[in-house]
Amino acid sequence: MLGAQLVLCLALTSSCLSAQSMECGTPDIPLAQMEQILVNLPNNPIVAGGSPIRVPIYFFQIRESDGSTTHPGFDLNQQMGVINQFFDGILEFYVCGSDFIDSSDYYSLDLATEALGLNTYVNANYEPTVSHCVKVFLVGPLNNGISSPSGYAHDRIQFNENAAIYFNVLSNEVIAHELGHYFGLPHTFANPSMQYVHDLANPILINGTLSTCHHTGDGFCDTPADLDVCIENASCTAATCTVTDPLGVAYGPDPTFLMSNYQGCTNRFSSEQTVRMLTLYHLEGNYAPLKDIPDECAGKTGKILNHCLVGSNQFPDPFSDVGVILKENNQNCLDITDGAGNYDIKPANCNIGNAKRSILPDLDWGGPLNGVTSYDLVLLSKHILGIEILDSPFKLIAADVNYSGSVTSFDIVTTRKIILGITLNFPENRSWRYVPNLYLGNQSFHNQFYSGNPFSAKMLDPFGGNTVEREYKCPPDPLNPTNPPPPIPNNCTWMDHVSVIPTDPLAQLQNTWSFTGVKVGDLNCTAISNGLQEPQPSEEDFDSETAPITALENLLQINASTIPLKFYNASGEEISVSLKLNAVSLSGMKGSAQNERTDVGTQFKKASATPNPFGGTVDFTFDLAADAPVDIRVFNMDGKLIAEKGGYLSQGQHEIQISGMDQYSPGVYSYSITSEGTVFRGKLVKK
């Protein structure tokens with residue numbers, strides 16, 4: 001075991017991160033101890049290669065005894081995608097479990113007197129799972145006896161089962177910084193000795209001895225100490241201070257290193273820091289429990305993201321509320337993606353087994369018109385004419401609306417029919433297509449996919465014994481061209497699914513089960529991918545007694561959640577279009593102005609379907625604004641009507657139950673509640 005005694009923190013202000021780091025309660029690592037760490041690292045350290053190491057986290061949010069907190073609604077799971085990017089494919093963290101602990105004793109946490117009690121409580125109540133995870137605590141005020149740091153970590157080397165991370169500032173950089181400490185990294189600004197002063201004009205002097213960069217900072221030359229004078233003068237964008245050590249090596253602080261003190265611009269670990277974390281993980285015995293992942297943490301987790309980057313977004317939008325099926329012959333298991341696009345199929349809820357399984361996201365999510373506008377026709381035409389070529393293989397897949405493996409004028413005809421309502425679905429295609437990240441992560445496939453023609457990309461299935469070649473679409477059977485392609489998991493396409501052997505090491509990686517989504521027909525990235533709930537008009541939009549012409553724009557409109565109310569000229573420029581209405585006399589028409597309904601379009605103030613996921617029955621609850629006929633319909637994954645109920649109902653709140661649903665197989669279903677022109681739609685999941 002290494003003898004390092006690391007007690008580490010990240011403070012709120014840079015004033016406590018200089019040579020006087022004792023103000024943070026983090027003692028500098030003595031020079032002798034730093035040298036001992038370096039001696040214990042093997043001559044051939046373990047370096048990155050292949051797939052990232054998956055490490056489970058058990059997340060606890062500590063609240064006051066009454067459940068109150070200054071961090072309501074925080075979800076660590078939604079931050080993991082960004083945090084993992086800092087580790088650059090070396091370590092890949094995921095939330096195995098989470099819980100709230102309501103205790104005023106631990107909400108305001110004194111690390112010196114209360115951290116051990118908190119760990120003792122958690123170890124006793126969450127075993128055996130928690131000992132195989134990195135424990136992460138979100139607390140209120142955090143105190144180390146001297147100051148109030150934003151984060152604090154006890155490394156696994158010294159603290160073993162009581163190792164943990166504590167933080168009270170909702171920052172991805174803080175969490176990644178503390179994870180670095182957990183895996184044995186000291187600060188780059190830690191001084192081997194408190195008895196020297198940096199002097200840029202002279203070599204560094206430690207206890208009267210000239211020393212090299214190996215003896216400063218964290219002991220590595222690619223993460224040199226944050227020199228005091230540089231700390232005072234440098235900024236996130238330019239750290240210009242340098243010093244030359246006695247061996248002639250020039251070095252200076254780097255504001256992007258996560259273990260430095262330049263808050264607000266840190267985003268990476270150095271190569272030598274990565275080597276240290278991997279080496280300690282593999283060779284230091286106290287990290288061994290992290291490798292023994294319990295069954296409840298061994299679920300098949302994946303992420304589904306939209307390929308589009310819109311506006312100033314740094315990362316693609318996630319898919320939320322998308323059904324994902326784990327399929328093998330007649331057995332189906334299901335999960336729904338969360339707000340971060342994650343899904344998780346756990347062994348406790350599904351017999352994952354050892355046979356080949358396939359993951360299939362919902363291809364019809366949101367409907368075919370989602371994001372498809374006349375502007376997409378303009379972009380499609382420009383591409384075909386060579387005026388403006390589509391700049392992404394994902395956009396080419398989106399443009400191939402007739403699923404022919406090419407982009408031609410036939411795709412224009414198909415798209416126009418969808419927009420005009422001549423056809424309700426893409427005849428040879430679905431609403432969404434999904435490119436498996438398993439293939440995008442392969443260098444050969446990656447190069448083919450981004451070569452300009454993704455339709456020609458091919459790859460040997462890594463789970464097919466190197467005998468099954470996957471293509472964009474299955475070619476027809478030469479002996480019988482009318483035969484359909486073989487069923488999944490033997491289907492020969494790489495689109496829309498991954499078929500894996502759950503026990504294979506490659507199947508333990510989140511990237512293997514993850515997808516990049518492409519909305520068919522949407523070339524300018526306007527499709528919604530973060531939930532199906534359509535915005536409802538507010539009551540203030542309408543007058544309860546009369547319907548003046550100026551309010552009719554709320555009643556005579558295309559569904560703005562799927563087709564934006566925008567118009568474009570032939571050059572793709574947005575133009576202004578006005579709807580003009582002429583008032584006419586109602587005399588001579590059947591009825592009178594007093595008898596005309598004025599609340600069409602506002603029939604539902606609220607509507608929902610529960611439980612979701614459902615079993616044998618579904619309860620549809622809605623608040624009807626006026627007496628009217630109501631029709632409730634439920635459709636299966638193929639769009640077939642499987643249940644219907646309705647009648648003339650009075651104004652007010654209603655609950656209608658549809659039973660007999662236990663006869664249907666697990667999967668994603670859709671429903672509609674219709675009343676006098678108002679349609680409320682949603683998704684249901686059958687467990």
# chains A, B, ... in the order shown; residues from 1 in each chain; ligands from 1
>>> residues_around(residues="region 126-137 of chain A", least_positions_apart="5", cutoff="8 Å", atoms="only C-alpha atoms", output="JSON, numbers by chain")
{"A": [55, 56, 57, 58, 59, 60, 61, 62, 96, 161, 163, 164, 165, 166, 167, 289, 290, 291, 292, 293, 294, 296]}
>>> residues_around(residues="His654 (chain A)", least_positions_apart="4", cutoff="8 Å", atoms="only C-alpha atoms", output="MDAnalysis selection string")
chainID A and resid 621:624
>>> write_last_selection(atoms="N, CA and C atoms", output="compact mmCIF listing (two decimals), in the first residue's frame")
# COMPACT_ATOMS: atom_id res chain seq x y z
N THR A 621 -57.18 11.24 -16.80
CA THR A 621 -57.75 12.33 -16.01
C THR A 621 -57.65 13.63 -16.81
N PHE A 622 -58.75 14.38 -16.86
CA PHE A 622 -58.72 15.65 -17.58
C PHE A 622 -59.78 16.58 -17.01
N ASP A 623 -59.55 17.87 -17.21
CA ASP A 623 -60.46 18.91 -16.75
C ASP A 623 -61.10 19.53 -17.98
N LEU A 624 -62.40 19.30 -18.17
CA LEU A 624 -63.11 19.74 -19.36
C LEU A 624 -63.66 21.15 -19.14
>>> closest_atom_pairs(of="region 440-542 of chain A", to="region 298-307 of chain A", cutoff="6 Å", atoms="only C-alpha atoms", output="tab-separated table")
residue	atom	partner	partner_atom	distance
A:Gln510	CA	A:Gly302	CA	5.0
A:Trp513	CA	A:Gly302	CA	4.7
A:Ser514	CA	A:Gly302	CA	4.6
A:Phe515	CA	A:Ile304	CA	4.9
A:Thr516	CA	A:Leu305	CA	5.2
A:Gly517	CA	A:Asn306	CA	4.7
>>> closest_residue(among="A:Gln78, A:Leu116, A:Thr223, A:Ile101", to="Asn342 (chain A)", atoms="only C-alpha atoms")
A:Gln78
>>> residues_around(residues="Thr113 (chain A)", least_positions_apart="3", cutoff="10 Å", atoms="only C-alpha atoms", output="count of residues only")
8
>>> closest_atom_pairs(of="region 325-401 of chain A", to="region 419-428 of chain A", cutoff="8 Å", atoms="only C-alpha atoms", output="CSV")
residue,atom,partner,partner_atom,distance
A:Pro368,CA,A:Asn425,CA,6.0
A:Leu369,CA,A:Ile419,CA,7.0
A:Val372,CA,A:Ile419,CA,7.2
A:Thr373,CA,A:Ile419,CA,6.9
A:Ser374,CA,A:Ile419,CA,7.6
A:Val401,CA,A:Phe426,CA,6.7
>>> residues_around(residues="Glu644 (chain A)", least_positions_apart="6", cutoff="10 Å", atoms="only C-alpha atoms", output="list in words")
Asp631, Ile632, Arg633, Val634, Phe635, Ile658, Tyr671, Ser672 and Ile673 of chain A
>>> residues_around(residues="Ala527 (chain A)", least_positions_apart="5", cutoff="7 Å", atoms="only C-alpha atoms", output="PDB file with C-alpha atoms, in the first residue's frame")
ATOM      1  CA  ASN A 370     -41.591  16.804 -35.818  1.00  0.00           C
ATOM      2  CA  GLY A 371     -39.079  19.366 -37.125  1.00  0.00           C
ATOM      3  CA  LYS A 519     -34.819  12.997 -37.139  1.00  0.00           C
ATOM      4  CA  ASP A 522     -35.205  17.522 -40.394  1.00  0.00           C
TER       5      ASP A 522
END
>>> residues_around(residues="Asp335 (chain A)", least_positions_apart="2", cutoff="9 Å", atoms="only C-alpha atoms", output="ChimeraX atom specification")
/A:322-326,333,337,343-345,685,687
>>> residues_around(residues="region 385-396 of chain A", least_positions_apart="4", cutoff="7 Å", atoms="only C-alpha atoms", output="list in words")
His307, Ser381, Asp400, Phe449, Tyr450, Gly452, Asn453, Pro454, Val518 and Leu523 of chain A
>>> closest_residue(among="A:Thr610, A:Asn483, A:Asn354, A:Asn442", to="Asp461 (chain A)", atoms="only C-alpha atoms")
A:Asn442
>>> atom_distance(atom1="CA of Pro485 (chain A)", atom2="CA of Glu471 (chain A)")
12.1 Å
>>> select_by_dssp(residues="region 272-431 of chain A", states="strand (DSSP E)", output="list in words")
Lys300, Thr301, Gly302, Lys303, Ile304, Leu305, Asn306, Gly323, Val324, Ile325, Leu326, Lys327, Glu328, Gln331, Asn332, Cys333, Leu334, Asp335, Ile336, Asn342, Tyr343, Asp344, Ile345, Arg357, Ser358, Ile359, Leu360 and Pro361 of chain A
>>> atom_distance(atom1="CA of Cys492 (chain A)", atom2="CA of Asp477 (chain A)")
11.6 Å
